[in-house]
file target.cif (mmCIF, C-alpha atoms and all ligand atoms)
data_work
loop_
_atom_site.label_atom_id
_atom_site.label_comp_id
_atom_site.auth_asym_id
_atom_site.auth_seq_id
_atom_site.Cartn_x
_atom_site.Cartn_y
_atom_site.Cartn_z
CA MET N 1 -36.49 -16.37 18.62
CA ALA N 2 -33.79 -13.77 19.14
CA ALA N 3 -30.57 -13.46 17.17
CA HIS N 4 -27.69 -15.04 19.01
CA LYS N 5 -24.18 -16.39 18.74
CA VAL N 6 -22.26 -19.10 20.50
CA ILE N 7 -19.18 -17.71 22.23
CA CYS N 8 -16.47 -18.97 24.53
CA TRP N 9 -17.28 -18.13 28.13
CA ASP N 10 -13.58 -17.90 28.93
CA CYS N 11 -11.97 -15.98 26.05
CA GLY N 12 -15.01 -14.54 24.25
CA ALA N 13 -14.15 -16.06 20.85
CA GLU N 14 -17.13 -16.68 18.59
CA VAL N 15 -17.58 -20.37 17.80
CA GLU N 16 -19.16 -21.24 14.46
CA ASP N 17 -18.84 -25.03 14.28
CA PRO N 18 -22.08 -26.27 15.88
CA PHE N 19 -20.58 -29.69 16.68
CA VAL N 20 -17.75 -28.56 18.95
CA ASN N 21 -18.42 -28.49 22.68
CA THR N 22 -15.41 -26.55 23.88
CA CYS N 23 -13.64 -23.48 22.56
CA PRO N 24 -11.30 -24.40 19.67
CA ARG N 25 -9.01 -21.53 20.71
CA CYS N 26 -8.64 -22.02 24.50
CA GLY N 27 -10.60 -25.15 25.40
CA GLY N 28 -13.01 -23.05 27.47
CA LEU N 29 -16.73 -23.51 28.14
CA LEU N 30 -19.22 -22.32 25.56
CA THR N 31 -22.26 -20.15 26.14
CA VAL N 32 -24.97 -18.53 24.02
CA LYS N 33 -24.97 -14.74 23.76
CA MET N 34 -28.51 -13.53 23.09
CA GLU N 35 -29.30 -10.34 21.23
CA LEU N 36 -32.13 -8.85 23.33
CA GLU N 37 -32.61 -5.37 21.81
CA LYS N 38 -36.13 -6.24 20.59
CA VAL N 39 -37.19 -7.65 23.96
CA LYS N 40 -36.31 -4.32 25.59
CA GLU N 41 -39.39 -2.88 23.87
CA MET N 42 -41.61 -5.62 25.34
CA LYS N 43 -43.22 -6.15 28.74
CA PRO N 44 -43.76 -9.47 30.57
CA GLN N 45 -47.49 -9.26 29.86
CA ASP N 46 -46.77 -9.36 26.12
CA LEU N 47 -45.79 -13.02 26.49
CA ARG N 48 -48.88 -14.11 28.38
CA SER N 49 -50.95 -14.97 25.31
CA THR N 50 -48.75 -18.09 25.00
CA PRO N 51 -49.40 -20.79 27.65
CA ILE N 52 -46.92 -20.88 30.54
CA GLY N 53 -44.05 -23.23 29.71
CA VAL N 54 -40.63 -23.13 28.07
CA TRP N 55 -41.78 -21.73 24.73
CA ARG N 56 -43.65 -18.75 26.24
CA TYR N 57 -40.18 -17.24 26.61
CA ALA N 58 -39.12 -17.79 22.98
CA PRO N 59 -37.90 -14.17 22.63
CA PHE N 60 -35.13 -15.12 25.10
CA MET N 61 -34.34 -18.39 23.34
CA PRO N 62 -31.96 -19.25 20.48
CA VAL N 63 -34.27 -21.62 18.57
CA ASP N 64 -37.19 -20.65 16.34
CA PRO N 65 -40.38 -22.01 17.98
CA ALA N 66 -41.57 -22.98 14.51
CA HIS N 67 -38.96 -25.79 14.69
CA LYS N 68 -39.70 -26.86 18.22
CA VAL N 69 -39.70 -30.47 19.39
CA SER N 70 -42.02 -30.17 22.36
CA ILE N 71 -43.94 -32.40 24.78
CA GLN N 72 -45.40 -29.37 26.58
CA GLU N 73 -42.58 -29.06 29.08
CA GLY N 74 -42.47 -26.46 31.85
CA GLY N 75 -45.49 -24.72 33.30
CA THR N 76 -44.83 -26.46 36.60
CA PRO N 77 -46.49 -25.28 39.83
CA LEU N 78 -44.94 -22.88 42.32
CA TYR N 79 -46.41 -24.08 45.61
CA PRO N 80 -46.63 -21.76 48.59
CA THR N 81 -45.29 -24.10 51.31
CA LYS N 82 -46.06 -22.39 54.62
CA ALA N 83 -46.26 -25.60 56.68
CA LEU N 84 -42.88 -26.74 55.42
CA GLY N 85 -41.51 -23.22 55.93
CA ALA N 86 -42.83 -23.04 59.50
CA GLU N 87 -41.06 -26.30 60.30
CA ILE N 88 -37.81 -24.99 58.84
CA GLY N 89 -38.09 -21.53 60.38
CA VAL N 90 -38.44 -19.56 57.12
CA GLU N 91 -42.18 -19.28 56.68
CA ASN N 92 -42.32 -17.43 53.38
CA THR N 93 -41.15 -20.40 51.38
CA PHE N 94 -42.17 -21.66 47.93
CA VAL N 95 -41.40 -24.90 46.15
CA LYS N 96 -41.10 -24.90 42.35
CA PHE N 97 -41.93 -28.53 41.60
CA GLU N 98 -40.04 -29.57 38.49
CA GLY N 99 -41.06 -33.19 38.98
CA LEU N 100 -44.23 -32.40 37.02
CA ASN N 101 -42.43 -32.02 33.72
CA PRO N 102 -43.22 -34.61 31.00
CA THR N 103 -40.43 -37.01 31.98
CA GLY N 104 -40.42 -35.93 35.63
CA SER N 105 -37.48 -33.54 35.89
CA PHE N 106 -36.34 -30.08 34.83
CA LYS N 107 -34.11 -31.73 32.22
CA ASP N 108 -37.06 -31.55 29.81
CA ARG N 109 -36.66 -27.76 29.66
CA GLY N 110 -33.14 -28.12 28.32
CA MET N 111 -33.91 -31.04 26.05
CA THR N 112 -36.77 -29.37 24.20
CA MET N 113 -34.25 -26.65 23.27
CA GLY N 114 -31.31 -28.97 22.64
CA VAL N 115 -33.19 -31.48 20.50
CA SER N 116 -34.96 -28.70 18.58
CA HIS N 117 -31.52 -27.26 17.79
CA ALA N 118 -30.21 -30.69 16.81
CA LYS N 119 -33.13 -30.96 14.41
CA GLU N 120 -32.31 -27.54 12.93
CA LEU N 121 -28.76 -28.83 12.36
CA GLY N 122 -30.07 -31.95 10.63
CA ALA N 123 -28.51 -34.28 13.23
CA GLN N 124 -29.58 -37.95 12.91
CA VAL N 125 -28.14 -39.25 16.17
CA VAL N 126 -28.15 -37.59 19.58
CA GLY N 127 -26.47 -38.80 22.73
CA CYS N 128 -25.59 -38.02 26.32
CA ALA N 129 -23.91 -39.41 29.41
CA SER N 130 -26.15 -39.26 32.38
CA THR N 131 -26.85 -39.99 36.00
CA GLY N 132 -30.36 -40.76 34.75
CA ASN N 133 -32.67 -37.82 34.24
CA THR N 134 -30.79 -36.39 31.29
CA SER N 135 -31.02 -39.72 29.48
CA ALA N 136 -34.72 -40.10 30.31
CA ALA N 137 -35.42 -36.63 28.89
CA LEU N 138 -33.20 -37.03 25.84
CA ALA N 139 -34.70 -40.42 25.01
CA ALA N 140 -38.21 -38.93 25.10
CA TYR N 141 -37.39 -35.90 22.94
CA ALA N 142 -35.40 -38.03 20.48
CA ALA N 143 -38.45 -40.29 20.17
CA LYS N 144 -40.65 -37.27 19.56
CA ALA N 145 -38.20 -35.95 16.94
CA GLY N 146 -37.71 -39.35 15.27
CA MET N 147 -33.95 -39.41 15.96
CA LYS N 148 -31.68 -42.20 17.07
CA CYS N 149 -30.51 -41.82 20.67
CA ALA N 150 -27.54 -43.29 22.57
CA VAL N 151 -27.27 -42.89 26.32
CA PHE N 152 -24.09 -43.66 28.27
CA LEU N 153 -24.86 -44.68 31.84
CA PRO N 154 -22.39 -45.31 34.63
CA SER N 155 -22.84 -49.00 35.46
CA GLY N 156 -25.03 -49.90 38.40
CA LYS N 157 -25.72 -46.47 39.88
CA VAL N 158 -28.83 -45.25 38.12
CA ALA N 159 -32.22 -44.95 39.81
CA MET N 160 -34.72 -47.47 38.49
CA GLY N 161 -37.37 -45.07 37.18
CA LYS N 162 -34.83 -43.22 35.07
CA LEU N 163 -33.39 -46.35 33.52
CA ALA N 164 -36.92 -47.57 32.82
CA GLN N 165 -37.69 -44.37 30.94
CA ALA N 166 -34.58 -44.45 28.74
CA LEU N 167 -35.30 -48.07 27.80
CA PHE N 168 -39.00 -47.39 27.34
CA PHE N 169 -38.48 -44.48 24.92
CA GLY N 170 -36.34 -46.70 22.71
CA ALA N 171 -32.86 -45.30 23.30
CA LYS N 172 -29.75 -47.47 22.93
CA VAL N 173 -28.83 -47.71 26.59
CA LEU N 174 -25.11 -48.37 27.05
CA SER N 175 -23.93 -49.37 30.49
CA ILE N 176 -20.35 -48.08 30.79
CA ASP N 177 -17.80 -49.65 33.09
CA GLY N 178 -16.99 -46.60 35.23
CA ASN N 179 -18.54 -43.61 36.98
CA PHE N 180 -20.40 -40.66 35.45
CA ASP N 181 -17.21 -38.85 34.52
CA ASP N 182 -15.96 -41.90 32.56
CA ALA N 183 -19.29 -42.18 30.74
CA LEU N 184 -19.11 -38.49 29.82
CA ALA N 185 -15.55 -38.81 28.50
CA LEU N 186 -16.66 -41.56 26.10
CA ALA N 187 -19.72 -39.63 24.93
CA ARG N 188 -17.54 -36.58 24.26
CA LYS N 189 -15.13 -38.66 22.24
CA MET N 190 -18.02 -39.89 20.08
CA ALA N 191 -19.15 -36.29 19.56
CA ASP N 192 -15.62 -35.14 18.66
CA GLU N 193 -15.58 -37.80 15.96
CA ARG N 194 -18.96 -36.48 14.70
CA LYS N 195 -20.70 -39.77 15.43
CA LEU N 196 -23.42 -38.01 17.40
CA TYR N 197 -24.71 -34.62 18.50
CA LEU N 198 -23.91 -34.37 22.21
CA LEU N 199 -26.62 -33.17 24.57
CA ASN N 200 -24.80 -33.23 27.88
CA SER N 201 -24.85 -30.20 30.09
CA ILE N 202 -21.73 -29.05 28.29
CA ASN N 203 -24.06 -28.30 25.36
CA PRO N 204 -24.69 -24.53 25.31
CA TYR N 205 -28.30 -24.80 24.10
CA ARG N 206 -29.66 -26.79 27.02
CA PRO N 207 -29.19 -24.03 29.62
CA GLU N 208 -31.08 -21.73 27.24
CA GLY N 209 -34.19 -23.87 27.72
CA GLN N 210 -33.48 -24.27 31.41
CA LYS N 211 -33.58 -20.48 31.82
CA SER N 212 -37.36 -20.87 31.58
CA VAL N 213 -37.65 -22.15 35.16
CA LEU N 214 -36.57 -18.71 36.36
CA PHE N 215 -38.82 -16.90 33.88
CA GLU N 216 -41.76 -18.94 35.16
CA ILE N 217 -40.92 -18.28 38.80
CA MET N 218 -40.86 -14.55 38.06
CA ASP N 219 -44.14 -14.79 36.16
CA GLN N 220 -45.72 -16.74 39.03
CA LEU N 221 -44.49 -14.15 41.57
CA ASN N 222 -45.63 -11.26 39.36
CA TYR N 223 -42.03 -10.17 38.90
CA GLU N 224 -41.46 -9.57 42.60
CA VAL N 225 -37.92 -10.89 42.94
CA PRO N 226 -37.59 -13.35 45.87
CA ASP N 227 -34.74 -12.85 48.33
CA ARG N 228 -33.21 -16.24 47.69
CA ILE N 229 -33.47 -19.09 45.18
CA ILE N 230 -32.05 -22.44 46.26
CA LEU N 231 -31.22 -25.36 44.03
CA PRO N 232 -29.25 -28.59 44.15
CA VAL N 233 -25.96 -28.49 42.26
CA GLY N 234 -24.55 -31.45 40.34
CA ASN N 235 -22.99 -30.59 37.00
CA ALA N 236 -24.07 -27.04 37.80
CA ALA N 237 -25.77 -26.18 34.51
CA ASN N 238 -29.08 -25.39 36.17
CA ILE N 239 -27.81 -22.81 38.62
CA TRP N 240 -25.90 -21.25 35.74
CA ALA N 241 -29.06 -21.21 33.59
CA VAL N 242 -31.04 -19.52 36.38
CA TYR N 243 -28.30 -16.92 36.74
CA LYS N 244 -28.18 -16.32 32.99
CA ALA N 245 -31.95 -15.80 32.93
CA LEU N 246 -31.66 -13.28 35.75
CA THR N 247 -28.94 -11.31 33.96
CA GLU N 248 -31.08 -11.24 30.81
CA LEU N 249 -34.15 -10.03 32.72
CA GLU N 250 -31.98 -7.32 34.24
CA GLU N 251 -30.63 -6.42 30.81
CA VAL N 252 -34.13 -5.90 29.37
CA GLY N 253 -35.21 -4.00 32.49
CA TRP N 254 -37.84 -6.48 33.75
CA ILE N 255 -36.17 -6.85 37.17
CA ASP N 256 -33.94 -4.48 39.09
CA LYS N 257 -32.41 -6.73 41.74
CA MET N 258 -30.96 -10.22 42.03
CA PRO N 259 -32.01 -13.00 44.40
CA MET N 260 -29.20 -14.65 46.34
CA LEU N 261 -28.52 -17.75 44.27
CA THR N 262 -27.81 -20.58 46.66
CA GLY N 263 -26.38 -23.92 45.59
CA ILE N 264 -26.62 -27.05 47.70
CA GLN N 265 -24.40 -30.08 47.21
CA ALA N 266 -24.35 -33.47 48.86
CA GLU N 267 -21.57 -33.86 51.41
CA GLY N 268 -20.05 -36.75 49.44
CA ALA N 269 -20.01 -34.84 46.14
CA ALA N 270 -19.22 -31.24 46.95
CA PRO N 271 -16.45 -29.71 44.81
CA VAL N 272 -18.35 -26.45 44.29
CA ALA N 273 -19.24 -26.04 47.97
CA ARG N 274 -15.60 -26.65 48.93
CA ALA N 275 -14.42 -24.06 46.43
CA PHE N 276 -16.97 -21.58 47.82
CA ALA N 277 -15.77 -22.21 51.37
CA ALA N 278 -12.24 -21.47 50.18
CA GLU N 279 -13.45 -18.35 48.29
CA ALA N 280 -11.95 -19.84 45.12
CA LYS N 281 -13.07 -19.17 41.54
CA ASP N 282 -12.32 -22.72 40.46
CA PHE N 283 -12.92 -26.10 42.09
CA VAL N 284 -10.85 -29.22 42.66
CA PRO N 285 -12.52 -32.33 41.17
CA GLU N 286 -13.37 -35.19 43.51
CA GLN N 287 -12.49 -38.77 42.65
CA ASN N 288 -15.20 -40.93 44.20
CA PRO N 289 -18.40 -38.93 44.66
CA GLU N 290 -20.98 -40.74 46.77
CA THR N 291 -24.50 -39.82 47.89
CA VAL N 292 -28.04 -41.17 47.98
CA ALA N 293 -28.91 -38.21 45.75
CA THR N 294 -27.71 -39.88 42.54
CA ALA N 295 -28.70 -36.93 40.33
CA ILE N 296 -26.00 -34.81 42.00
CA ARG N 297 -23.41 -37.54 42.48
CA ILE N 298 -20.89 -35.59 40.37
CA GLY N 299 -17.19 -35.20 41.16
CA ASN N 300 -16.11 -33.02 38.27
CA PRO N 301 -18.97 -30.62 37.47
CA VAL N 302 -18.88 -29.45 33.87
CA SER N 303 -20.19 -25.98 34.73
CA GLY N 304 -18.67 -25.70 38.20
CA ARG N 305 -16.84 -22.44 37.41
CA LYS N 306 -20.02 -20.93 36.00
CA ALA N 307 -21.86 -21.91 39.19
CA LEU N 308 -19.30 -20.15 41.34
CA LYS N 309 -19.67 -17.03 39.23
CA ALA N 310 -23.48 -17.19 39.62
CA ILE N 311 -23.21 -17.57 43.38
CA TYR N 312 -20.56 -14.89 43.96
CA SER N 313 -22.15 -12.28 41.74
CA THR N 314 -25.57 -12.53 43.40
CA GLY N 315 -24.21 -12.52 46.96
CA GLY N 316 -25.46 -16.09 47.28
CA TYR N 317 -24.12 -19.06 49.16
CA CYS N 318 -23.10 -22.66 48.69
CA THR N 319 -22.98 -25.42 51.26
CA THR N 320 -23.47 -29.14 51.72
CA VAL N 321 -26.07 -31.41 53.32
CA ASN N 322 -25.55 -35.04 54.25
CA ASP N 323 -27.66 -37.98 53.08
CA ASP N 324 -29.56 -38.14 56.34
CA GLU N 325 -30.56 -34.46 56.04
CA ILE N 326 -31.58 -35.07 52.42
CA ILE N 327 -33.86 -37.99 53.31
CA LYS N 328 -35.41 -36.07 56.23
CA ALA N 329 -36.17 -33.11 53.95
CA GLN N 330 -37.62 -35.44 51.31
CA GLN N 331 -39.97 -36.91 53.92
CA LEU N 332 -40.89 -33.50 55.28
CA LEU N 333 -41.97 -32.40 51.79
CA GLY N 334 -44.14 -35.47 51.53
CA ARG N 335 -45.68 -35.28 54.96
CA ARG N 336 -46.22 -31.52 55.25
CA GLU N 337 -46.94 -30.61 51.64
CA GLY N 338 -47.95 -33.76 49.77
CA VAL N 339 -45.07 -33.34 47.36
CA CYS N 340 -42.93 -36.32 46.34
CA VAL N 341 -39.46 -35.37 45.12
CA GLU N 342 -36.36 -37.39 44.44
CA PRO N 343 -33.45 -37.14 46.91
CA ALA N 344 -31.37 -34.65 44.89
CA SER N 345 -34.35 -32.30 44.79
CA ALA N 346 -34.80 -32.48 48.54
CA ALA N 347 -31.25 -31.12 48.91
CA SER N 348 -32.59 -27.61 48.26
CA VAL N 349 -35.02 -27.89 51.19
CA ALA N 350 -32.44 -29.58 53.41
CA GLY N 351 -30.10 -26.74 52.47
CA LEU N 352 -32.58 -24.06 53.51
CA LYS N 353 -33.02 -25.75 56.87
CA LYS N 354 -29.27 -25.83 57.37
CA LEU N 355 -28.80 -22.21 56.26
CA ARG N 356 -31.45 -21.14 58.76
CA GLU N 357 -29.69 -23.08 61.53
CA MET N 358 -26.38 -21.48 60.54
CA GLY N 359 -28.00 -18.04 60.62
CA ILE N 360 -27.22 -17.45 56.93
CA ALA N 361 -30.87 -17.43 55.85
CA ASP N 362 -33.04 -14.91 57.70
CA LYS N 363 -36.43 -16.01 59.05
CA ASP N 364 -38.17 -13.25 57.10
CA GLU N 365 -36.66 -14.07 53.74
CA ARG N 366 -38.87 -14.94 50.78
CA VAL N 367 -37.33 -18.12 49.43
CA VAL N 368 -37.94 -20.33 46.40
CA CYS N 369 -36.60 -23.89 46.60
CA ILE N 370 -36.37 -25.51 43.20
CA CYS N 371 -37.25 -29.19 43.56
CA THR N 372 -35.76 -30.61 40.42
CA GLY N 373 -37.24 -34.08 39.98
CA ASN N 374 -40.05 -36.48 40.84
CA GLY N 375 -39.78 -38.93 43.75
CA LEU N 376 -41.17 -41.75 41.63
CA LYS N 377 -37.90 -41.77 39.70
CA ASP N 378 -36.29 -43.50 42.64
CA PRO N 379 -38.89 -45.61 44.46
CA ASP N 380 -36.20 -47.81 46.05
CA THR N 381 -34.89 -44.96 48.17
CA ILE N 382 -38.41 -44.09 49.28
CA ILE N 383 -39.29 -47.65 50.24
CA ASN N 384 -35.99 -48.14 52.06
CA ASN N 385 -36.70 -45.12 54.24
CA CYS N 386 -40.34 -45.80 55.06
CA ALA N 387 -41.79 -48.26 57.55
CA PRO N 388 -43.10 -51.38 55.73
CA PRO N 389 -46.83 -52.05 55.25
CA ILE N 390 -48.55 -52.99 58.54
CA LYS N 391 -49.74 -56.57 58.99
CA CYS N 392 -53.41 -56.40 59.83
CA GLY N 393 -56.14 -58.90 60.66
CA ASN N 394 -59.29 -59.04 58.63
CA SER N 395 -61.67 -57.19 60.98
CA VAL N 396 -62.82 -53.64 61.75
CA ALA N 397 -61.46 -54.01 65.29
CA ASP N 398 -58.01 -54.91 63.94
CA VAL N 399 -57.97 -51.80 61.75
CA GLU N 400 -59.24 -49.58 64.55
CA ARG N 401 -56.55 -50.80 66.89
CA ILE N 402 -53.85 -49.95 64.36
CA LEU N 403 -55.30 -46.52 63.53
CA SER N 404 -55.38 -45.62 67.22
CA GLU N 405 -51.71 -46.45 67.73
C1 LIG Y 1 -29.67 -33.01 36.79
C2 LIG Y 1 -30.31 -32.92 38.09
C3 LIG Y 1 -29.78 -32.11 39.11
C4 LIG Y 1 -28.49 -31.36 38.98
O1 LIG Y 1 -28.56 -30.31 38.04
P1 LIG Y 1 -27.21 -29.72 37.45
O2 LIG Y 1 -27.62 -28.81 36.36
O3 LIG Y 1 -26.39 -30.87 36.97
O4 LIG Y 1 -26.53 -29.01 38.58
C5 LIG Y 1 -30.48 -32.02 40.29
N1 LIG Y 1 -31.63 -32.71 40.48
C6 LIG Y 1 -32.15 -33.49 39.53
C7 LIG Y 1 -33.41 -34.22 39.83
C8 LIG Y 1 -31.52 -33.62 38.31
O5 LIG Y 1 -32.04 -34.41 37.38
ZN ZN Y 2 -11.91 -19.67 24.39
#

call {"tool": "encode", "arguments": {"input": "target.cif", "output": "structure tokens"}}
result
Amino acid sequence: MAAHKVICWDCGAEVEDPFVNTCPRCGGLLTVKMELEKVKEMKPQDLRSTPIGVWRYAPFMPVDPAHKVSIQEGGTPLYPTKALGAEIGVENTFVKFEGLNPTGSFKDRGMTMGVSHAKELGAQVVGCASTGNTSAALAAYAAKAGMKCAVFLPSGKVAMGKLAQALFFGAKVLSIDGNFDDALALARKMADERKLYLLNSINPYRPEGQKSVLFEIMDQLNYEVPDRIILPVGNAANIWAVYKALTELEEVGWIDKMPMLTGIQAEGAAPVARAFAAEAKDFVPEQNPETVATAIRIGNPVSGRKALKAIYSTGGYCTTVNDDEIIKAQQLLGRREGVCVEPASAASVAGLKKLREMGIADKDERVVCICTGNGLKDPDTIINNCAPPIKCGNSVADVERILSE
């Protein structure tokens, strides 16, 4: 663990109360400032005695690994995906498959850090509002830590696998009459009244764990920085975490250039992409976000301004894909690469295809698409977009006829 402090991202004030989620002085977003002097004396190889995963990178993290609440998160594969790449027109493509985390999404990386910190603080109750994966991850880590967990879900719009997980891990699952933003407002109110420790993406410790996805990608590419990293953007904490990890690697001298960070949003939930198109530093919230990619169905992204900073300062890009493009990319991943991701995750691949068509992404680029969650989270969407099982008679000839079609 490195020394660190929590500061306001907007005004720089140091924040000492661990239960506040916004700057007491200006209302701004919080972030963790790591003290990395000691890491400057280290090399990447020095970390390799610890298995790949979030806690390999403890010198970049604000929680002592001795206090960790872990289910062996991270250490996910980085697949070379040439067949997919050839189809898209950018052959040198990799997929970082975050669906192989313990609860099936990258949210586990943030939750191991967030819940470990909650434990350090002596919190008894943790909570979050969620489109699904955050609650699934929090419920699992709260179970592991022996804490009570409340999850606030927008009514009706959560993928089945995610809801099943939150219930299964024993969380109090509260179905709130409203959308995600309403659920978050209620969870924040509870946190302000000190009734729970809030682990939404507004929490500054979660991105610290999420930085590990970038550290792993660099480890897996032997610290050869790719040209572009693409990820879906919802509340925008993940793209911010990846950017923060890059700036820290640059600070300690382990990398000397930045990949173009590229955010992809769904057409029906695209405040960050619209701000990017207008070259704005801030975004205008959207009232009724809608997309098949429920994990990024966010109208008022908590870290939207941080995402824009990450994109602008790496010379990256941000655009949208529609639901049809998302589903096609999801199927392409399955049929070319044998990888089953949930719709939000396929947005990164759909985005690369679109950027190639627009001429933004070059055919010779080396690109990493982060595929954030597992397709089994949302089996309904998969079934709805596949042909049904084939009726077949009970003979070899019947089967042969069908296979030859
Ligand atoms: C949470 C989530 C996202 C969006 O990440 P943000 O940090 O909110 O931008 C994308 N895909 C999946 C599968 C997720 O669970
Ligand atoms: Zn401030």

call {"tool": "residues_near_ligand", "arguments": {"input": "target.cif", "ligand": "ligand LIG 1 (chain Y)", "cutoff": "6 Å", "atoms": "all atoms listed in the file", "output": "PyMOL selection string"}}
result
chain N and resi 105+133+232-238+295-296+344-345+372-373

call {"tool": "atom_distance", "arguments": {"input": "target.cif", "atom1": "CA of Thr76 in chain N", "atom2": "CA of Ile217 in chain N"}}
result
9.3 Å

call {"tool": "residues_around", "arguments": {"input": "target.cif", "residues": "Ala129 in chain N", "least_positions_apart": "2", "cutoff": "9 Å", "atoms": "all atoms listed in the file", "output": "NGL selection string"}}
result
:N and (127 or 131-132 or 134-135 or 150-154 or 180-188 or 198-200)

call {"tool": "atom_distance", "arguments": {"input": "target.cif", "atom1": "CA of Ser348 in chain N", "atom2": "CA of Tyr57 in chain N"}}
result
25.2 Å

call {"tool": "residues_around", "arguments": {"input": "target.cif", "residues": "Trp240 in chain N", "least_positions_apart": "3", "cutoff": "7 Å", "atoms": "all atoms listed in the file", "output": "ChimeraX atom specification"}}
result
/N:236-237,243-244,306-307,310

call {"tool": "closest_residue", "arguments": {"input": "target.cif", "among": "N:Val213, N:Ala293, N:Val95, N:Ile383", "to": "Val367 in chain N", "atoms": "all atoms listed in the file"}}
result
N:Val95
